[in-house]
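Peer 1: Input start_9.txt, format and content: compact mmCIF, C-alpha atoms.
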```txt
# COMPACT_ATOMS: atom_id res chain seq x y z
CA MET A 135 95.09 116.90 118.26
CA ALA A 136 92.19 115.81 119.84
CA THR A 137 91.33 113.51 117.44
CA PRO A 138 89.67 110.94 118.76
CA HIS A 139 89.03 112.86 123.35
CA ALA A 140 86.41 110.99 121.40
CA HIS A 141 89.75 113.99 121.01
CA ALA A 142 97.02 115.29 114.69
CA GLN A 143 96.76 113.48 116.91
CA PRO A 144 93.52 112.76 116.86
CA HIS A 145 92.67 113.85 120.38
CA ASP A 146 95.20 116.26 121.01
CA HIS A 147 93.91 118.70 123.32
CA GLY A 148 96.47 120.68 122.04
CA SER A 149 96.36 123.63 123.24
CA ASP A 150 94.34 122.10 124.84
CA HIS A 151 94.76 121.53 128.34
CA GLY A 152 97.77 123.09 128.90
CA SER A 153 98.61 126.22 128.43
CA ASP A 154 97.18 125.46 125.29
CA HIS A 155 94.48 122.74 125.39
CA GLY A 156 93.50 125.21 127.22
CA SER A 157 95.24 127.85 126.47
CA ASP A 158 97.88 125.99 125.12
CA HIS A 159 96.73 122.92 126.45
CA GLY A 160 99.48 121.95 125.71
CA SER A 161 99.25 123.49 123.14
CA GLU A 162 97.35 120.66 121.85
CA HIS A 163 94.60 118.39 122.65
CA GLN A 164 94.21 115.72 120.36
CA HIS A 165 91.81 113.69 122.19
CA GLN A 166 89.16 111.77 121.08
CA HIS A 167 90.29 109.27 121.78
CA GLN A 168 87.86 110.28 121.02
CA HIS A 169 90.48 112.39 122.17
CA ALA A 170 93.24 113.52 120.25
CA HIS A 171 95.15 115.46 122.75
CA GLN A 172 98.60 116.63 122.41
CA HIS A 173 101.85 114.95 122.56
CA GLY A 174 105.26 114.99 124.00
CA ALA A 175 108.34 114.44 121.89
CA GLU A 176 107.75 110.71 121.74
CA GLN A 177 104.08 110.97 120.89
CA PRO A 178 104.27 111.25 117.13
CA ASN A 179 105.77 107.76 117.14
CA ALA A 180 102.67 106.39 118.82
CA TRP A 181 100.64 107.51 115.84
CA GLN A 182 103.13 106.48 113.19
CA GLU A 183 103.59 103.01 114.66
CA THR A 184 99.87 102.26 115.11
CA ASP A 185 97.33 101.20 112.51
CA PRO A 186 95.20 104.33 111.85
CA ALA A 187 92.10 102.22 112.32
CA LEU A 188 93.02 101.95 116.01
CA TRP A 189 93.66 105.66 116.65
CA PHE A 190 90.12 106.27 117.82
CA THR A 191 89.72 103.23 120.06
CA GLU A 192 89.52 102.80 123.80
CA GLY A 193 92.59 100.55 123.85
CA PHE A 194 94.79 103.04 122.01
CA TRP A 195 93.93 105.86 124.40
CA ASP A 196 94.09 103.69 127.52
CA ASP A 197 97.63 102.69 126.55
CA ARG A 198 98.63 106.31 126.01
CA TYR A 199 97.22 107.44 129.34
CA ARG A 200 98.83 104.55 131.22
CA GLU A 201 102.25 105.76 130.13
CA ARG A 202 101.93 109.12 131.90
CA PRO A 203 99.68 112.16 132.26
CA ILE A 204 99.21 113.72 128.84
CA TRP A 205 97.62 117.13 129.36
CA SER A 206 98.51 120.13 131.49
CA GLY A 207 95.28 120.18 133.43
CA GLU A 208 94.51 123.72 132.29
CA VAL A 209 91.38 124.74 130.43
CA ASN A 210 91.34 124.99 126.66
CA GLN A 211 91.67 128.59 125.56
CA ARG A 212 88.66 128.59 123.24
CA LEU A 213 86.38 127.12 125.89
CA ALA A 214 87.48 129.70 128.45
CA GLU A 215 86.90 132.52 125.96
CA THR A 216 83.35 131.32 125.31
CA ALA A 217 82.20 130.12 128.72
CA VAL A 218 83.31 133.25 130.56
CA GLU A 219 80.45 135.06 128.79
CA LEU A 220 77.81 132.47 129.75
CA THR A 221 75.62 132.00 132.80
CA PRO A 222 76.57 128.69 134.47
CA GLY A 223 74.09 125.90 133.97
CA ARG A 224 74.37 122.34 132.65
CA ALA A 225 77.42 121.52 130.54
CA LEU A 226 78.50 118.52 128.49
CA ASP A 227 82.24 118.09 127.90
CA VAL A 228 82.78 115.41 125.26
CA GLY A 229 86.27 113.96 125.03
CA CYS A 230 87.14 115.26 128.48
CA GLY A 231 90.48 113.47 128.81
CA GLU A 232 92.04 114.09 132.21
CA GLY A 233 89.34 116.58 133.13
CA GLY A 234 90.92 120.02 132.72
CA ASP A 235 87.92 121.62 131.02
CA ALA A 236 85.30 119.91 133.20
CA ILE A 237 87.06 120.97 136.41
CA TRP A 238 87.41 124.56 135.17
CA LEU A 239 83.69 124.68 134.41
CA ALA A 240 82.73 123.12 137.75
CA ARG A 241 84.80 125.69 139.62
CA ARG A 242 82.72 128.38 137.95
CA GLY A 243 79.39 126.93 139.00
CA TRP A 244 78.52 124.60 136.13
CA GLN A 245 77.02 121.15 136.63
CA VAL A 246 79.08 119.07 134.22
CA THR A 247 78.68 115.74 132.47
CA ALA A 248 82.11 114.74 131.14
CA SER A 249 82.66 111.82 128.80
CA ASP A 250 85.65 110.11 127.28
CA VAL A 251 86.41 106.86 125.53
CA SER A 252 89.28 106.06 127.89
CA ALA A 253 88.56 104.56 131.32
CA VAL A 254 92.14 105.32 132.33
CA ALA A 255 91.70 109.01 131.50
CA LEU A 256 88.43 109.13 133.43
CA GLU A 257 90.01 107.67 136.56
CA ARG A 258 92.68 110.33 136.41
CA ALA A 259 90.04 113.00 135.85
CA ARG A 260 88.00 111.83 138.83
CA ALA A 261 91.06 112.04 141.07
CA ALA A 262 91.82 115.55 139.81
CA ALA A 263 88.24 116.65 140.47
CA GLU A 264 88.42 115.27 144.01
CA ALA A 265 91.66 117.15 144.61
CA ALA A 266 90.09 120.34 143.23
CA GLY A 267 87.07 119.98 145.51
CA VAL A 268 84.52 119.86 142.66
CA ALA A 269 83.78 116.13 142.41
CA ALA A 270 80.13 116.61 143.35
CA ALA A 271 79.58 118.92 140.36
CA ILE A 272 80.82 116.48 137.71
CA THR A 273 79.31 113.24 136.40
CA TRP A 274 81.83 111.09 134.51
CA GLU A 275 80.75 108.86 131.65
CA GLN A 276 82.73 106.46 129.48
CA ALA A 277 81.49 106.78 125.91
CA ASP A 278 82.70 106.42 122.35
CA GLY A 279 81.46 109.31 120.24
CA ARG A 280 81.67 107.22 117.08
CA SER A 281 79.29 104.58 118.39
CA ASP A 282 75.51 104.79 118.76
CA TRP A 283 76.06 106.79 121.96
CA ALA A 284 74.07 110.01 122.01
CA PRO A 285 73.62 112.57 124.80
CA PRO A 286 70.06 113.39 125.91
CA ALA A 287 68.33 115.79 123.54
CA GLY A 288 68.03 119.43 124.55
CA ALA A 289 69.59 118.80 127.95
CA PHE A 290 72.61 121.12 128.12
CA ASP A 291 73.21 124.86 128.20
CA LEU A 292 76.74 124.31 126.90
CA VAL A 293 78.00 121.42 124.80
CA ALA A 294 81.75 121.48 124.16
CA ALA A 295 84.09 119.23 122.23
CA SER A 296 87.72 120.32 122.11
CA PHE A 297 90.11 118.79 119.61
CA LEU A 298 88.24 115.58 118.93
CA GLN A 299 89.19 114.84 115.39
CA PHE A 300 87.32 112.12 113.54
CA PRO A 301 87.53 110.97 109.93
CA ARG A 302 85.29 113.24 107.88
CA ARG A 303 82.76 110.52 107.14
CA GLU A 304 82.04 110.23 110.87
CA LEU A 305 82.46 113.86 111.86
CA VAL A 306 79.12 115.19 110.63
CA ALA A 307 77.08 112.56 112.46
CA PHE A 308 79.07 113.18 115.64
CA HIS A 309 78.57 116.95 115.50
CA ARG A 310 74.85 116.55 114.84
CA LYS A 311 74.52 114.46 118.01
CA LEU A 312 76.20 117.27 119.94
CA ALA A 313 73.94 119.93 118.44
CA ALA A 314 70.84 117.90 119.32
CA ALA A 315 71.93 117.95 122.98
CA VAL A 316 71.89 121.77 123.19
CA ALA A 317 68.98 123.27 125.11
CA PRO A 318 67.05 126.30 123.79
CA GLY A 319 69.26 129.32 124.37
CA GLY A 320 72.29 127.07 124.81
CA THR A 321 75.67 127.05 123.09
CA LEU A 322 77.53 124.46 121.03
CA LEU A 323 81.31 124.96 120.92
CA VAL A 324 83.49 122.75 118.73
CA THR A 325 87.22 123.48 118.60
CA ALA A 326 89.41 121.48 116.24
CA HIS A 327 92.91 121.49 114.87
CA HIS A 328 93.23 123.31 111.59
CA ALA A 329 95.09 121.53 108.80
CA ASP A 330 97.23 124.64 108.30
CA SER A 331 98.95 123.85 111.59
CA HIS A 332 98.73 120.10 111.99
CA GLY A 333 98.74 118.45 108.60
CA GLY A 334 101.52 117.97 106.07
CA GLU A 335 104.08 115.44 104.99
CA SER A 336 105.86 115.44 108.37
CA THR A 337 102.86 113.89 110.15
CA PRO A 338 100.95 110.62 109.72
CA PHE A 339 97.64 112.50 109.60
CA THR A 340 95.70 112.91 106.38
CA ALA A 341 93.49 115.79 105.28
CA ASP A 342 90.45 113.66 106.10
CA LEU A 343 91.05 114.34 109.81
CA PHE A 344 90.75 118.11 109.46
CA ALA A 345 87.85 120.41 108.69
CA THR A 346 87.65 124.19 108.71
CA ALA A 347 85.09 125.88 110.91
CA ALA A 348 83.01 126.72 107.84
CA GLU A 349 83.05 123.08 106.74
CA MET A 350 81.94 121.95 110.20
CA ALA A 351 79.11 124.49 110.15
CA ALA A 352 78.01 123.37 106.69
CA GLY A 353 77.93 119.76 107.83
CA LEU A 354 75.61 120.60 110.71
CA ASP A 355 73.17 122.34 108.36
CA LEU A 356 71.46 124.13 111.27
CA ASP A 357 68.21 125.98 110.66
CA ASP A 358 67.75 129.72 111.06
CA THR A 359 66.83 129.42 114.73
CA TRP A 360 70.56 129.07 115.41
CA THR A 361 73.16 131.85 115.37
CA VAL A 362 76.39 130.41 113.98
CA SER A 363 79.95 131.72 114.12
CA ALA A 364 82.68 129.86 112.21
CA THR A 365 86.23 131.16 112.63
CA ASP A 366 89.80 129.93 112.20
CA PRO A 367 91.79 131.97 114.76
CA THR A 368 95.45 131.58 115.62
CA ARG A 369 97.06 131.28 119.05
CA GLU A 370 100.47 130.79 120.57
CA ALA A 371 101.27 127.21 121.60
CA VAL A 372 104.19 125.04 122.64
CA PHE A 373 104.68 122.11 120.31
CA PRO A 374 105.28 119.43 121.17
CA PRO A 375 104.14 120.23 124.72
CA GLY A 376 106.78 119.93 127.38
CA PRO A 377 110.16 121.46 128.21
CA ASP A 378 111.61 120.61 124.80
CA GLY A 379 108.74 122.12 122.83
CA GLN A 380 109.06 125.18 120.65
CA ARG A 381 106.83 128.24 120.86
CA MET A 382 104.86 128.55 117.66
CA THR A 383 101.68 129.99 116.19
CA VAL A 384 98.95 127.46 115.41
CA ARG A 385 95.51 127.82 113.85
CA ASP A 386 92.31 126.40 115.29
CA ALA A 387 88.95 125.75 113.66
CA VAL A 388 86.24 127.09 115.98
CA LEU A 389 82.51 126.56 115.53
CA ARG A 390 80.19 128.34 117.95
CA ALA A 391 76.44 127.96 117.52
CA VAL A 392 73.77 129.39 119.83
CA ARG A 393 70.34 127.80 119.69
CA GLY A 394 67.29 130.08 119.66
CA ARG A 395 64.91 130.02 122.57
```
Mind turning this structure into C-alpha cells?
Peer 2:
Amino acid sequence: MATPHAHAQPHDHGSDHGSDHGSDHGSEHQHQHQHAHQHGAEQPNAWQETDPALWFTEGFWDDRYRERPIWSGEVNQRLAETAVELTPGRALDVGCGEGGDAIWLARRGWQVTASDVSAVALERARAAAEAAGVAAAITWEQADGRSDWAPPAGAFDLVAASFLQFPRRELVAFHRKLAAAVAPGGTLLVTAHHADSHGGESTPFTADLFATAAEMAAGLDLDDTWTVSATDPTREAVFPPGPDGQRMTVRDAVLRAVRGR
C-alpha cells in the first residue's frame, strides 16, 4: 500500500508503480513511507515483524529501499488516467518513492516537485530521472507528510498522492495540506488502497489505515468552489508484485477534486 510514500502496506504503490502503482505498480504502492508501496513475497513479513508505530518513519522505509528496488518504475494507473487530460504545468508528487510518477509527468512537460520521507528512495529516484533525461524538470525534497511540513499554498496545478496510507487521525490533516497547495483551476488526486482489497485477518493492517473515497472527500470538507469526484474503481493487479505474484482484481479509493478559478 502506500501507506506511509509518506505511501497495506502503508506505502504500497501498489499498483502503483508497476504495472500497477502505476498501472499495476506493482500492483501496489504502499508508500508513504509516507509511502506504502507494494511488496514482494517477503514484504508482508517486514510489516508483521515491525512495531506499527515505525511503519511511517524514515528509518523503516530507508531499510526497505536499501534491500532492493521496490517499485516497477511505471506510472500509477490512476495518475495516468487523470493527468493525460490536463495541460502540463506545475505538479507536486507526494510520496514519490523511486520516482516513477514524477518521471512520467516530467516526460510529458510537467515541472515536478517530488517528495518522500526516504532519502534512500530519493537517491534512487534522482538516478532514474538522470537516466530518463528529465532531471532538470524535477526538484526532489525529503519530507515527512505527518510532520509540520506543508507545501506552498496555491502553488501547483496538480497535486498527487498515490497510496500513502496514514492512520485515520492523521489522514485528514495530511489531505488538507495537499488541497491547500492546489492552484486555482488545479487538480488534487488522492489514490489509496481500499479495505476491500487490502484489509482482513491475513494482513497486519487495521481498518484505521483505510478510507473510502467518499470518506476522504468528507474529511476535506471542501467548499462549493471545488468540483469533487469520489470513486472506488477496480483494476487488475499482480499481488504480491513479482514473478510469483497472482493476477487479481483489487479496488482503489480515488478522490479527484478540481479547484475553481
Peer 1: Which residue gives the smallest distance to Gly267 in chain A among A:Phe290, A:Val246, A:Ala326, A:Ile237, with only C-alpha atoms counted?
Peer 2: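 Ranked by minimum distance to Gly267 in chain A, first place goes to A:Ile237.
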Peer 1: Considering only C-alpha atoms, return as a ChimeraX atom specification whatever protein or nucleic-acid residues lie within 12 Å of Leu312 in chain A, sequence-local ones (same chain, fewer than 2 positions apart) excluded.
Peer 2: /A:225-229,279-280,283-295,305-310,314-317,320-324,354,390-391
Peer 1: How far is it from CA of Asp355 in chain A to CA of Val388 in chain A, in Å with one decimal?
Peer 2: 15.9 Å
Peer 1: Would you please work out which residue, of A:Asp282, A:Glu208, A:Asp185, A:Glu257, is nearest to Ala236 in chain A when using only C-alpha atoms?
Peer 2: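 Ranked by minimum distance to Ala236 in chain A, first place goes to A:Glu208.
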Peer 1: List the neighbours of Pro367 in chain A out to 12 Å using all atoms listed in the file; skip same-chain residues closer than 5 positions along the sequence, and give me the result as a list in words.
Peer 2: Gln211, Arg212, Thr325, Ala326, His327, His328, Asp330, Ser331, Thr346, Ala347, Thr383, Val384, Arg385, Asp386, Ala387, Val388 and Leu389 of chain A
Peer 1: Could you tell me how far CA of Ala214 in chain A sits from CA of Trp274 in chain A, in Å to one decimal place?
Peer 2: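 Straight-line distance from CA of Trp274 in chain A to CA of Ala214 in chain A works out to 20.4 Å.
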Peer 1: So what do you get for CA of Arg224 in chain A versus CA of Asp250 in chain A, distance-wise?
Peer 2: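 According to the coordinates, CA of Arg224 in chain A and CA of Asp250 in chain A are separated by 17.5 Å.
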Peer 1: When distances are computed from only C-alpha atoms, which of A:Leu356, A:Ala240, A:Ala271, A:Ala364 shows the smallest separation from Gly394 in chain A?
Peer 2: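 The answer is A:Leu356, which sits nearest to Gly394 in chain A.
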Peer 1: Of the candidates A:Glu370, A:Leu343, A:Lys311, A:Leu239, which shows the shortest atom-to-atom distance to Thr216 in chain A, using only C-alpha atoms?
Peer 2: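 Nearest candidate to Thr216 in chain A out of A:Glu370, A:Leu343, A:Lys311, A:Leu239: A:Leu239.
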Peer 1: From the list A:Pro203, A:Gly243, A:Gly353, A:Gly234, which residue is nearest Pro222 in chain A when using all atoms listed in the file?
Peer 2: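 Using all atoms listed in the file, Pro222 in chain A sits closest to A:Gly243.
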Peer 1: With only C-alpha atoms as the basis for distance, which of A:Gln276, A:Ser296, A:Gln380, A:Ser252 is at the shortest distance from Asp197 in chain A?
Peer 2: A:Ser252
